[in-house]
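K.L.:
Got a structure for you, questions after.
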Amino acid sequence: TRLPEETHVSDALIYAGRINPLQGEPGGGKTWVALHACVEAITEGHHVMYIDLEDHPSSVFARMLTLGADKEDIRARFHYVNPENPMGIDDWDVIERNIKRDNIAIVVIDSIGELLSMQGIRSSNDDDEVAKLYRLIPRRIAKLGPAVILLDHVTKANSSDGPQLWAIGSQRKKAAVDGAAYMVETIKAFAAGQDGKIALRTAKDRNGNFVVGHVVAEIHVSSSQEGDRLKLDVRAPQMSGDGTHQRQTTNMRRVTEWLAEKTTDSAGSRNEIQRGTEIHDRYMTTVLRDLVAEGWVNKYSSGPGKADRYCLIERFDELATPPNQRPNDGTF
């Protein structure tokens, strides 16, 4: 049966009947996250459609098998579309009929940039053309009921400017989102035989369930030793010990790595740490407070009128099993 309007797919992150972009740097894990949602859906008996403008069928199917999808589930409920030429009204009519016939739950478009190019839109900054394409394709599909997942690329941001939340291009992209948009951030790169971690940061949530700018999910990527299997474990972000805020695990790691790389005393003042890590000023107080409270870093006074210093006790490991807090041995 069709997923109801307020049903979310993939751990309540994706809205049915809405447009939901996943944005991130090339190679940052967007496609893996989208395919994970597809594997979840077909495993649960739903049909999905994958409109692929960037890859090849063999690669997409291999990734799904790597994620643990059953071959028979793929054959029965995974609908792959690989257009090579601009798609006209008749082509989209066929897709619409297939969505209705098979009661498609998810439609992935990989990627929106390639779709714009294929359909003859040369600039993603052309508001009128971008708005027209969104109405004719993603919006039209979403109105049929599926959760539409759009993959979009971004350029590398300067970490000192705070988190980047949107891909470059027309503001019409942002305005068209009536579901939730997420920035896909690589915390630790993963590969065959190497575990990693991805974070999803909310760029927009029309329904108001998630706070813009906050990490809404941490995705732990586990690879088999042979490299033929990947498991994506989607978890809610970790909270501080007092439960008042989310732990900024990426910044916590960056601080302890910077301290560890200092060749003298593995210590630094707040300003020195901020300059060295390029963490935005608004985050430093919370990050340092949590590192001290959990015992990764020691805070000590360097004398009257001088700034407090922070000394490394142990490196913070983002990939450790949550809550990955250092055991308190009574010394702090």
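Naming scheme: A, B, ... for chains in displayed order of the structure tokens; residues 1 onward per chain; ligands 1 onward as shown.
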Would you return as a ChimeraX atom specification the members of region 79-321 of chain A that DSSP assigns to strand (DSSP E) on this structure's backbone?
P.N.:
/A:79-81,104-110,147-153,180-188,196-205,215-223,230-235,267-269,297-300,309-312
K.L.:
Could you give me, as a compact mmCIF listing (two decimals) with N, CA, C and O atoms, in the first residue's frame, the residues within 9 Å of region 220-231 of chain A, counting only C-alpha atoms and dropping anything in the same chain fewer than 4 positions from it?
P.N.:
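Writing the result to result_7.txt gives the following:
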# COMPACT_ATOMS: atom_id res chain seq x y z
N HIS A 36 20.82 3.54 0.51
CA HIS A 36 20.44 2.91 1.78
C HIS A 36 18.94 3.04 2.00
O HIS A 36 18.28 2.08 2.41
N ARG A 63 26.38 -1.52 -5.74
CA ARG A 63 26.30 -0.81 -4.47
C ARG A 63 25.14 -1.33 -3.63
O ARG A 63 25.26 -1.47 -2.40
N LEU A 65 23.87 -4.33 -3.66
CA LEU A 65 24.26 -5.63 -3.11
C LEU A 65 25.25 -5.44 -1.96
O LEU A 65 25.18 -6.16 -0.95
N THR A 66 26.15 -4.48 -2.10
CA THR A 66 27.10 -4.18 -1.03
C THR A 66 26.38 -3.76 0.24
O THR A 66 26.82 -4.06 1.36
N LEU A 67 25.25 -3.06 0.07
CA LEU A 67 24.45 -2.62 1.22
C LEU A 67 23.55 -3.72 1.77
O LEU A 67 22.81 -3.48 2.73
N GLY A 68 23.63 -4.90 1.18
CA GLY A 68 22.88 -6.04 1.71
C GLY A 68 21.54 -6.30 1.08
O GLY A 68 20.75 -7.10 1.60
N PHE A 190 35.17 6.64 4.28
CA PHE A 190 35.11 5.18 4.35
C PHE A 190 35.44 4.59 2.98
O PHE A 190 35.35 5.26 1.95
N ALA A 191 35.84 3.35 3.01
CA ALA A 191 36.20 2.64 1.78
C ALA A 191 36.12 1.15 2.06
O ALA A 191 35.80 0.73 3.19
N ALA A 192 36.38 0.34 1.06
CA ALA A 192 36.36 -1.11 1.25
C ALA A 192 37.35 -1.49 2.34
O ALA A 192 38.54 -1.18 2.26
N GLY A 193 36.85 -2.13 3.39
CA GLY A 193 37.69 -2.56 4.50
C GLY A 193 37.98 -1.48 5.51
O GLY A 193 38.74 -1.71 6.45
N GLN A 194 37.41 -0.29 5.35
CA GLN A 194 37.68 0.82 6.26
C GLN A 194 36.38 1.47 6.70
O GLN A 194 35.61 1.95 5.88
N ASP A 195 36.12 1.50 8.01
CA ASP A 195 34.90 2.11 8.54
C ASP A 195 34.97 3.63 8.44
O ASP A 195 36.05 4.21 8.33
N GLY A 196 33.80 4.26 8.49
CA GLY A 196 33.75 5.71 8.42
C GLY A 196 32.49 6.25 9.06
O GLY A 196 31.74 5.52 9.72
N LYS A 197 32.26 7.53 8.86
CA LYS A 197 31.11 8.16 9.49
C LYS A 197 30.64 9.35 8.66
O LYS A 197 31.45 10.10 8.12
N ILE A 198 29.32 9.47 8.54
CA ILE A 198 28.68 10.57 7.82
C ILE A 198 27.71 11.26 8.77
O ILE A 198 27.12 10.62 9.64
N ALA A 199 27.56 12.57 8.61
CA ALA A 199 26.56 13.30 9.38
C ALA A 199 25.58 13.96 8.43
O ALA A 199 25.97 14.40 7.34
N ARG A 235 21.81 6.82 13.29
CA ARG A 235 21.57 7.04 14.71
C ARG A 235 21.23 8.51 14.97
O ARG A 235 21.71 9.40 14.26
N LEU A 319 34.40 7.55 16.18
CA LEU A 319 33.87 6.28 15.69
C LEU A 319 33.69 5.24 16.78
O LEU A 319 33.23 4.14 16.52
K.L.:
Report the distance between CA of Val287 (chain A) and CA of Gly213 (chain A) in Å, rounded to one decimal place.
P.N.:
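Separation of CA of Val287 (chain A) and CA of Gly213 (chain A): 16.1 Å.
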K.L.:
Excluding region 173-175 of chain A and any residue of its chain fewer than 2 positions from it, enumerate the residues within 12 Å of it, using only C-alpha atoms, and give them as a ChimeraX atom specification.
P.N.:
/A:19-23,112-113,116,124-135,138-139,150-152,165-171,177-182,203-206
K.L.:
Residues of region 66-125 of chain A that approach region 48-58 of chain A to 6 Å or less, counting only C-alpha atoms: could you list each one with the shortest pair of atoms and its distance in Å to one decimal, rows by chain and increasing residue number, as a tab-separated table?
P.N.:
residue	atom	partner	partner_atom	distance
A:Phe78	CA	A:Val48	CA	5.3
A:His79	CA	A:Met49	CA	4.5
A:Tyr80	CA	A:Tyr50	CA	5.0
A:Val81	CA	A:Ile51	CA	4.7
A:Asn82	CA	A:Asp52	CA	5.0
A:Ile104	CA	A:Val48	CA	5.2
A:Ala105	CA	A:Val48	CA	5.6
A:Ile106	CA	A:Val48	CA	4.8
A:Val107	CA	A:Met49	CA	4.7
A:Val108	CA	A:Tyr50	CA	4.8
A:Ile109	CA	A:Ile51	CA	4.9
A:Asp110	CA	A:Asp52	CA	5.1
K.L.:
Would you output that residue set with C-alpha atoms, as an mmCIF file, in the first residue's frame?
P.N.:
data_model
loop_
_atom_site.group_PDB
_atom_site.id
_atom_site.type_symbol
_atom_site.label_atom_id
_atom_site.label_comp_id
_atom_site.auth_asym_id
_atom_site.auth_seq_id
_atom_site.Cartn_x
_atom_site.Cartn_y
_atom_site.Cartn_z
ATOM 1 C CA PHE A 78 13.826 -1.588 -7.920
ATOM 2 C CA HIS A 79 12.987 0.410 -11.063
ATOM 3 C CA TYR A 80 16.096 1.809 -12.734
ATOM 4 C CA VAL A 81 15.936 4.655 -15.288
ATOM 5 C CA ASN A 82 19.100 5.747 -17.105
ATOM 6 C CA ILE A 104 6.398 3.744 -5.990
ATOM 7 C CA ALA A 105 7.400 4.861 -2.482
ATOM 8 C CA ILE A 106 10.713 6.612 -3.274
ATOM 9 C CA VAL A 107 12.040 8.297 -6.412
ATOM 10 C CA VAL A 108 15.726 9.250 -6.396
ATOM 11 C CA ILE A 109 17.083 11.719 -8.972
ATOM 12 C CA ASP A 110 20.866 11.536 -9.169
#
K.L.:
Smallest atom-to-atom distance to Val234 (chain A): which of A:Leu200, A:Ala307, A:Leu136, A:Cys38, using only C-alpha atoms?
P.N.:
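The closest residue to Val234 (chain A) is A:Leu200.
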K.L.:
Residues within 6 Å of Trp296 (chain A), please, as a list in words. Count only C-alpha atoms; anything in the same chain fewer than 2 positions from it doesn't count.
P.N.:
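The residues that qualify are Leu291, Glu294, Ile313 and Glu314 of chain A.
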K.L.:
Deliver the residues from the most recent selection as a file, using N, CA, C and O atoms, as a PDB file, in the first residue's frame.
P.N.:
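Writing the result to selection-v7.pdb gives the following:
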ATOM      1  N   LEU A 291      34.583  18.740  26.269  1.00  0.00           N
ATOM      2  CA  LEU A 291      35.844  18.000  26.321  1.00  0.00           C
ATOM      3  C   LEU A 291      36.391  17.929  27.738  1.00  0.00           C
ATOM      4  O   LEU A 291      36.910  16.896  28.172  1.00  0.00           O
ATOM      5  N   GLU A 294      34.031  15.663  30.012  1.00  0.00           N
ATOM      6  CA  GLU A 294      34.123  14.231  29.736  1.00  0.00           C
ATOM      7  C   GLU A 294      35.524  13.678  29.950  1.00  0.00           C
ATOM      8  O   GLU A 294      35.726  12.460  29.852  1.00  0.00           O
ATOM      9  N   ILE A 313      44.412  15.192  27.334  1.00  0.00           N
ATOM     10  CA  ILE A 313      44.520  13.970  28.131  1.00  0.00           C
ATOM     11  C   ILE A 313      44.494  12.763  27.200  1.00  0.00           C
ATOM     12  O   ILE A 313      45.359  11.889  27.268  1.00  0.00           O
ATOM     13  N   GLU A 314      43.501  12.733  26.308  1.00  0.00           N
ATOM     14  CA  GLU A 314      43.372  11.612  25.376  1.00  0.00           C
ATOM     15  C   GLU A 314      42.610  12.087  24.143  1.00  0.00           C
ATOM     16  O   GLU A 314      41.711  12.925  24.230  1.00  0.00           O
TER      17      GLU A 314
END
K.L.:
From the options A:Gly305, A:Gly268, A:Gly120, A:Gly295, which residue's atoms come nearest to Gly88 (chain A), counting only C-alpha atoms?
P.N.:
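Smallest distance to Gly88 (chain A) is found for A:Gly120.
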K.L.:
Leaving out Arg309 (chain A) and any residue of its chain fewer than 6 positions from it, which residues lie within 8 Å of it when counting only C-alpha atoms, given as a list in words?
P.N.:
Ala267, Gly268, Ser269, Arg270, Lys299, Tyr300, Ser301 and Ser302 of chain A
K.L.:
So how far away is CA of Met239 (chain A) from CA of Tyr310 (chain A), in Å?
P.N.:
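Between CA of Tyr310 (chain A) and CA of Met239 (chain A) the gap is 22.3 Å.
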K.L.:
Residues of region 67-279 of chain A classed as alpha helix (DSSP H) by DSSP on the backbone are to be reported as a PDB file with N, CA and C atoms, in the first residue's frame.
P.N.:
ATOM      1  N   LYS A  71      18.917  -9.926  -4.144  1.00  0.00           N
ATOM      2  CA  LYS A  71      18.819  -9.836  -5.599  1.00  0.00           C
ATOM      3  C   LYS A  71      17.381  -9.918  -6.078  1.00  0.00           C
ATOM      4  N   GLU A  72      16.601 -10.790  -5.463  1.00  0.00           N
ATOM      5  CA  GLU A  72      15.208 -10.921  -5.887  1.00  0.00           C
ATOM      6  C   GLU A  72      14.405  -9.672  -5.560  1.00  0.00           C
ATOM      7  N   ASP A  73      14.706  -9.019  -4.428  1.00  0.00           N
ATOM      8  CA  ASP A  73      14.040  -7.759  -4.085  1.00  0.00           C
ATOM      9  C   ASP A  73      14.377  -6.680  -5.105  1.00  0.00           C
ATOM     10  N   ILE A  74      15.647  -6.658  -5.542  1.00  0.00           N
ATOM     11  CA  ILE A  74      16.056  -5.669  -6.541  1.00  0.00           C
ATOM     12  C   ILE A  74      15.300  -5.902  -7.849  1.00  0.00           C
ATOM     13  N   ARG A  75      15.265  -7.141  -8.285  1.00  0.00           N
ATOM     14  CA  ARG A  75      14.571  -7.457  -9.538  1.00  0.00           C
ATOM     15  C   ARG A  75      13.082  -7.130  -9.465  1.00  0.00           C
ATOM     16  N   ALA A  76      12.485  -7.376  -8.328  1.00  0.00           N
ATOM     17  CA  ALA A  76      11.038  -7.237  -8.212  1.00  0.00           C
ATOM     18  C   ALA A  76      10.587  -5.801  -7.955  1.00  0.00           C
ATOM     19  N   ARG A  77      11.410  -5.008  -7.223  1.00  0.00           N
ATOM     20  CA  ARG A  77      10.874  -3.728  -6.747  1.00  0.00           C
ATOM     21  C   ARG A  77      11.799  -2.529  -6.964  1.00  0.00           C
ATOM     22  N   ILE A  89       7.763  15.327 -22.778  1.00  0.00           N
ATOM     23  CA  ILE A  89       6.489  15.078 -22.093  1.00  0.00           C
ATOM     24  C   ILE A  89       6.102  13.611 -22.153  1.00  0.00           C
ATOM     25  N   ASP A  90       6.286  12.985 -23.312  1.00  0.00           N
ATOM     26  CA  ASP A  90       5.913  11.574 -23.447  1.00  0.00           C
ATOM     27  C   ASP A  90       6.728  10.686 -22.506  1.00  0.00           C
ATOM     28  N   ASP A  91       8.036  10.993 -22.374  1.00  0.00           N
ATOM     29  CA  ASP A  91       8.890  10.208 -21.477  1.00  0.00           C
ATOM     30  C   ASP A  91       8.405  10.310 -20.039  1.00  0.00           C
ATOM     31  N   TRP A  92       8.077  11.525 -19.607  1.00  0.00           N
ATOM     32  CA  TRP A  92       7.634  11.714 -18.233  1.00  0.00           C
ATOM     33  C   TRP A  92       6.246  11.128 -17.998  1.00  0.00           C
ATOM     34  N   ASP A  93       5.444  11.065 -19.071  1.00  0.00           N
ATOM     35  CA  ASP A  93       4.142  10.392 -18.953  1.00  0.00           C
ATOM     36  C   ASP A  93       4.329   8.910 -18.660  1.00  0.00           C
ATOM     37  N   VAL A  94       5.330   8.297 -19.309  1.00  0.00           N
ATOM     38  CA  VAL A  94       5.622   6.874 -19.057  1.00  0.00           C
ATOM     39  C   VAL A  94       6.063   6.679 -17.612  1.00  0.00           C
ATOM     40  N   ILE A  95       6.964   7.538 -17.135  1.00  0.00           N
ATOM     41  CA  ILE A  95       7.424   7.438 -15.749  1.00  0.00           C
ATOM     42  C   ILE A  95       6.254   7.606 -14.789  1.00  0.00           C
ATOM     43  N   GLU A  96       5.380   8.557 -15.069  1.00  0.00           N
ATOM     44  CA  GLU A  96       4.225   8.787 -14.200  1.00  0.00           C
ATOM     45  C   GLU A  96       3.323   7.557 -14.144  1.00  0.00           C
ATOM     46  N   ARG A  97       3.104   6.938 -15.286  1.00  0.00           N
ATOM     47  CA  ARG A  97       2.258   5.728 -15.305  1.00  0.00           C
ATOM     48  C   ARG A  97       2.900   4.613 -14.495  1.00  0.00           C
ATOM     49  N   ASN A  98       4.228   4.472 -14.615  1.00  0.00           N
ATOM     50  CA  ASN A  98       4.920   3.423 -13.855  1.00  0.00           C
ATOM     51  C   ASN A  98       4.861   3.690 -12.350  1.00  0.00           C
ATOM     52  N   ILE A  99       4.980   4.950 -11.955  1.00  0.00           N
ATOM     53  CA  ILE A  99       4.887   5.291 -10.527  1.00  0.00           C
ATOM     54  C   ILE A  99       3.515   4.914  -9.983  1.00  0.00           C
ATOM     55  N   LYS A 100       2.471   5.231 -10.744  1.00  0.00           N
ATOM     56  CA  LYS A 100       1.107   4.899 -10.314  1.00  0.00           C
ATOM     57  C   LYS A 100       0.887   3.393 -10.307  1.00  0.00           C
ATOM     58  N   ARG A 101       1.357   2.721 -11.358  1.00  0.00           N
ATOM     59  CA  ARG A 101       1.126   1.278 -11.486  1.00  0.00           C
ATOM     60  C   ARG A 101       1.784   0.495 -10.361  1.00  0.00           C
ATOM     61  N   ASP A 102       3.029   0.850 -10.026  1.00  0.00           N
ATOM     62  CA  ASP A 102       3.782   0.075  -9.042  1.00  0.00           C
ATOM     63  C   ASP A 102       3.747   0.690  -7.647  1.00  0.00           C
ATOM     64  N   ILE A 112      20.443  16.454  -9.530  1.00  0.00           N
ATOM     65  CA  ILE A 112      19.638  17.550 -10.060  1.00  0.00           C
ATOM     66  C   ILE A 112      20.467  18.408 -11.010  1.00  0.00           C
ATOM     67  N   GLY A 113      21.762  18.533 -10.771  1.00  0.00           N
ATOM     68  CA  GLY A 113      22.627  19.293 -11.664  1.00  0.00           C
ATOM     69  C   GLY A 113      22.691  18.678 -13.048  1.00  0.00           C
ATOM     70  N   GLU A 114      22.837  17.357 -13.105  1.00  0.00           N
ATOM     71  CA  GLU A 114      22.878  16.672 -14.389  1.00  0.00           C
ATOM     72  C   GLU A 114      21.524  16.717 -15.083  1.00  0.00           C
ATOM     73  N   LEU A 115      20.437  16.692 -14.306  1.00  0.00           N
ATOM     74  CA  LEU A 115      19.111  16.806 -14.896  1.00  0.00           C
ATOM     75  C   LEU A 115      18.928  18.177 -15.550  1.00  0.00           C
ATOM     76  N   LEU A 116      19.367  19.226 -14.847  1.00  0.00           N
ATOM     77  CA  LEU A 116      19.290  20.566 -15.417  1.00  0.00           C
ATOM     78  C   LEU A 116      20.062  20.633 -16.733  1.00  0.00           C
ATOM     79  N   SER A 117      21.267  20.063 -16.731  1.00  0.00           N
ATOM     80  CA  SER A 117      22.104  20.094 -17.927  1.00  0.00           C
ATOM     81  C   SER A 117      21.465  19.306 -19.065  1.00  0.00           C
ATOM     82  N   MET A 118      20.967  18.114 -18.767  1.00  0.00           N
ATOM     83  CA  MET A 118      20.376  17.265 -19.799  1.00  0.00           C
ATOM     84  C   MET A 118      19.153  17.920 -20.431  1.00  0.00           C
ATOM     85  N   ASP A 127      16.720  31.471 -12.415  1.00  0.00           N
ATOM     86  CA  ASP A 127      15.563  31.224 -11.545  1.00  0.00           C
ATOM     87  C   ASP A 127      14.351  30.710 -12.303  1.00  0.00           C
ATOM     88  N   ASP A 128      14.033  31.348 -13.422  1.00  0.00           N
ATOM     89  CA  ASP A 128      12.822  30.977 -14.157  1.00  0.00           C
ATOM     90  C   ASP A 128      12.911  29.557 -14.705  1.00  0.00           C
ATOM     91  N   GLU A 129      14.051  29.224 -15.297  1.00  0.00           N
ATOM     92  CA  GLU A 129      14.206  27.893 -15.883  1.00  0.00           C
ATOM     93  C   GLU A 129      14.256  26.807 -14.811  1.00  0.00           C
ATOM     94  N   VAL A 130      14.957  27.099 -13.722  1.00  0.00           N
ATOM     95  CA  VAL A 130      15.026  26.126 -12.629  1.00  0.00           C
ATOM     96  C   VAL A 130      13.650  25.892 -12.026  1.00  0.00           C
ATOM     97  N   ALA A 131      12.898  26.967 -11.802  1.00  0.00           N
ATOM     98  CA  ALA A 131      11.552  26.825 -11.241  1.00  0.00           C
ATOM     99  C   ALA A 131      10.657  26.019 -12.167  1.00  0.00           C
ATOM    100  N   LYS A 132      10.765  26.259 -13.470  1.00  0.00           N
ATOM    101  CA  LYS A 132       9.957  25.517 -14.445  1.00  0.00           C
ATOM    102  C   LYS A 132      10.281  24.026 -14.411  1.00  0.00           C
ATOM    103  N   LEU A 133      11.599  23.702 -14.351  1.00  0.00           N
ATOM    104  CA  LEU A 133      11.984  22.291 -14.328  1.00  0.00           C
ATOM    105  C   LEU A 133      11.488  21.597 -13.065  1.00  0.00           C
ATOM    106  N   TYR A 134      11.604  22.282 -11.917  1.00  0.00           N
ATOM    107  CA  TYR A 134      11.136  21.682 -10.667  1.00  0.00           C
ATOM    108  C   TYR A 134       9.637  21.393 -10.715  1.00  0.00           C
ATOM    109  N   ARG A 135       8.872  22.299 -11.333  1.00  0.00           N
ATOM    110  CA  ARG A 135       7.426  22.069 -11.444  1.00  0.00           C
ATOM    111  C   ARG A 135       7.123  20.888 -12.352  1.00  0.00           C
ATOM    112  N   LEU A 136       7.856  20.765 -13.451  1.00  0.00           N
ATOM    113  CA  LEU A 136       7.562  19.744 -14.438  1.00  0.00           C
ATOM    114  C   LEU A 136       8.025  18.346 -14.034  1.00  0.00           C
ATOM    115  N   PRO A 138      10.405  17.126 -10.512  1.00  0.00           N
ATOM    116  CA  PRO A 138      10.323  16.688  -9.109  1.00  0.00           C
ATOM    117  C   PRO A 138       8.971  16.944  -8.466  1.00  0.00           C
ATOM    118  N   ARG A 139       8.415  18.146  -8.685  1.00  0.00           N
ATOM    119  CA  ARG A 139       7.122  18.462  -8.070  1.00  0.00           C
ATOM    120  C   ARG A 139       6.020  17.571  -8.600  1.00  0.00           C
ATOM    121  N   ARG A 140       6.042  17.320  -9.897  1.00  0.00           N
ATOM    122  CA  ARG A 140       5.022  16.455 -10.513  1.00  0.00           C
ATOM    123  C   ARG A 140       5.097  15.044  -9.945  1.00  0.00           C
ATOM    124  N   ILE A 141       6.314  14.553  -9.758  1.00  0.00           N
ATOM    125  CA  ILE A 141       6.487  13.208  -9.190  1.00  0.00           C
ATOM    126  C   ILE A 141       6.008  13.178  -7.750  1.00  0.00           C
ATOM    127  N   ALA A 142       6.403  14.190  -6.961  1.00  0.00           N
ATOM    128  CA  ALA A 142       6.030  14.207  -5.542  1.00  0.00           C
ATOM    129  C   ALA A 142       4.518  14.227  -5.360  1.00  0.00           C
ATOM    130  N   GLN A 171      18.100  30.232  -6.045  1.00  0.00           N
ATOM    131  CA  GLN A 171      17.345  30.174  -4.797  1.00  0.00           C
ATOM    132  C   GLN A 171      16.044  29.401  -4.989  1.00  0.00           C
ATOM    133  N   ARG A 172      15.662  29.190  -6.253  1.00  0.00           N
ATOM    134  CA  ARG A 172      14.461  28.396  -6.531  1.00  0.00           C
ATOM    135  C   ARG A 172      14.625  26.962  -6.026  1.00  0.00           C
ATOM    136  N   LYS A 173      15.854  26.488  -5.986  1.00  0.00           N
ATOM    137  CA  LYS A 173      16.101  25.150  -5.445  1.00  0.00           C
ATOM    138  C   LYS A 173      15.639  25.080  -3.995  1.00  0.00           C
ATOM    139  N   LYS A 174      16.047  26.067  -3.216  1.00  0.00           N
ATOM    140  CA  LYS A 174      15.679  26.110  -1.804  1.00  0.00           C
ATOM    141  C   LYS A 174      14.180  26.306  -1.637  1.00  0.00           C
ATOM    142  N   ALA A 175      13.616  27.205  -2.431  1.00  0.00           N
ATOM    143  CA  ALA A 175      12.181  27.489  -2.315  1.00  0.00           C
ATOM    144  C   ALA A 175      11.333  26.278  -2.677  1.00  0.00           C
ATOM    145  N   ALA A 176      11.851  25.404  -3.562  1.00  0.00           N
ATOM    146  CA  ALA A 176      11.070  24.255  -4.029  1.00  0.00           C
ATOM    147  C   ALA A 176      10.964  23.141  -2.988  1.00  0.00           C
ATOM    148  N   THR A 249      30.661  16.347  17.986  1.00  0.00           N
ATOM    149  CA  THR A 249      31.720  15.342  17.953  1.00  0.00           C
ATOM    150  C   THR A 249      32.801  15.650  16.928  1.00  0.00           C
ATOM    151  N   THR A 250      32.434  16.234  15.794  1.00  0.00           N
ATOM    152  CA  THR A 250      33.445  16.580  14.790  1.00  0.00           C
ATOM    153  C   THR A 250      34.417  17.617  15.341  1.00  0.00           C
ATOM    154  N   ASN A 251      33.886  18.660  15.949  1.00  0.00           N
ATOM    155  CA  ASN A 251      34.748  19.697  16.504  1.00  0.00           C
ATOM    156  C   ASN A 251      35.533  19.197  17.709  1.00  0.00           C
ATOM    157  N   MET A 252      34.951  18.297  18.488  1.00  0.00           N
ATOM    158  CA  MET A 252      35.678  17.717  19.611  1.00  0.00           C
ATOM    159  C   MET A 252      36.893  16.950  19.110  1.00  0.00           C
ATOM    160  N   ARG A 253      36.719  16.215  18.027  1.00  0.00           N
ATOM    161  CA  ARG A 253      37.854  15.494  17.444  1.00  0.00           C
ATOM    162  C   ARG A 253      38.916  16.460  16.941  1.00  0.00           C
ATOM    163  N   ARG A 254      38.492  17.524  16.277  1.00  0.00           N
ATOM    164  CA  ARG A 254      39.445  18.476  15.702  1.00  0.00           C
ATOM    165  C   ARG A 254      40.296  19.135  16.786  1.00  0.00           C
ATOM    166  N   VAL A 255      39.680  19.447  17.920  1.00  0.00           N
ATOM    167  CA  VAL A 255      40.436  20.076  19.006  1.00  0.00           C
ATOM    168  C   VAL A 255      41.498  19.126  19.538  1.00  0.00           C
ATOM    169  N   THR A 256      41.108  17.865  19.822  1.00  0.00           N
ATOM    170  CA  THR A 256      42.087  16.935  20.405  1.00  0.00           C
ATOM    171  C   THR A 256      43.166  16.561  19.388  1.00  0.00           C
ATOM    172  N   GLU A 257      42.829  16.521  18.107  1.00  0.00           N
ATOM    173  CA  GLU A 257      43.855  16.254  17.097  1.00  0.00           C
ATOM    174  C   GLU A 257      44.854  17.406  17.038  1.00  0.00           C
ATOM    175  N   TRP A 258      44.353  18.639  17.100  1.00  0.00           N
ATOM    176  CA  TRP A 258      45.249  19.795  17.065  1.00  0.00           C
ATOM    177  C   TRP A 258      46.170  19.811  18.278  1.00  0.00           C
ATOM    178  N   LEU A 259      45.614  19.522  19.456  1.00  0.00           N
ATOM    179  CA  LEU A 259      46.433  19.478  20.667  1.00  0.00           C
ATOM    180  C   LEU A 259      47.477  18.372  20.579  1.00  0.00           C
ATOM    181  N   ALA A 260      47.072  17.219  20.026  1.00  0.00           N
ATOM    182  CA  ALA A 260      47.998  16.083  19.941  1.00  0.00           C
ATOM    183  C   ALA A 260      49.167  16.370  18.997  1.00  0.00           C
ATOM    184  N   GLU A 261      48.923  17.210  18.003  1.00  0.00           N
ATOM    185  CA  GLU A 261      49.968  17.488  17.008  1.00  0.00           C
ATOM    186  C   GLU A 261      50.937  18.573  17.458  1.00  0.00           C
ATOM    187  N   ARG A 270      42.243  29.127  24.570  1.00  0.00           N
ATOM    188  CA  ARG A 270      41.044  29.056  23.744  1.00  0.00           C
ATOM    189  C   ARG A 270      41.278  29.705  22.385  1.00  0.00           C
ATOM    190  N   ASN A 271      41.911  30.888  22.371  1.00  0.00           N
ATOM    191  CA  ASN A 271      42.144  31.585  21.118  1.00  0.00           C
ATOM    192  C   ASN A 271      43.122  30.837  20.221  1.00  0.00           C
ATOM    193  N   GLU A 272      44.154  30.248  20.819  1.00  0.00           N
ATOM    194  CA  GLU A 272      45.110  29.473  20.025  1.00  0.00           C
ATOM    195  C   GLU A 272      44.438  28.272  19.387  1.00  0.00           C
ATOM    196  N   ILE A 273      43.601  27.587  20.170  1.00  0.00           N
ATOM    197  CA  ILE A 273      42.896  26.413  19.649  1.00  0.00           C
ATOM    198  C   ILE A 273      41.945  26.811  18.528  1.00  0.00           C
ATOM    199  N   GLN A 274      41.253  27.916  18.717  1.00  0.00           N
ATOM    200  CA  GLN A 274      40.311  28.364  17.692  1.00  0.00           C
ATOM    201  C   GLN A 274      41.033  28.697  16.387  1.00  0.00           C
ATOM    202  N   ARG A 275      42.146  29.417  16.499  1.00  0.00           N
ATOM    203  CA  ARG A 275      42.908  29.750  15.287  1.00  0.00           C
ATOM    204  C   ARG A 275      43.448  28.499  14.618  1.00  0.00           C
ATOM    205  N   GLY A 276      43.923  27.550  15.427  1.00  0.00           N
ATOM    206  CA  GLY A 276      44.526  26.349  14.864  1.00  0.00           C
ATOM    207  C   GLY A 276      43.522  25.408  14.217  1.00  0.00           C
ATOM    208  N   THR A 277      42.323  25.339  14.776  1.00  0.00           N
ATOM    209  CA  THR A 277      41.312  24.410  14.254  1.00  0.00           C
ATOM    210  C   THR A 277      40.346  25.061  13.281  1.00  0.00           C
TER     211      THR A 277
END
K.L.:
Nearest residue to Val184 (chain A) out of A:Val33, A:Val297, A:Ile42, A:Val211, using only C-alpha atoms?
P.N.:
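Smallest separation from Val184 (chain A) among the options: A:Val33.
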K.L.:
Expressed in Å to a single decimal, how great is the separation between CA of Glu185 (chain A) and CA of Ala62 (chain A)?
P.N.:
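Those two atoms sit 23.2 Å apart.
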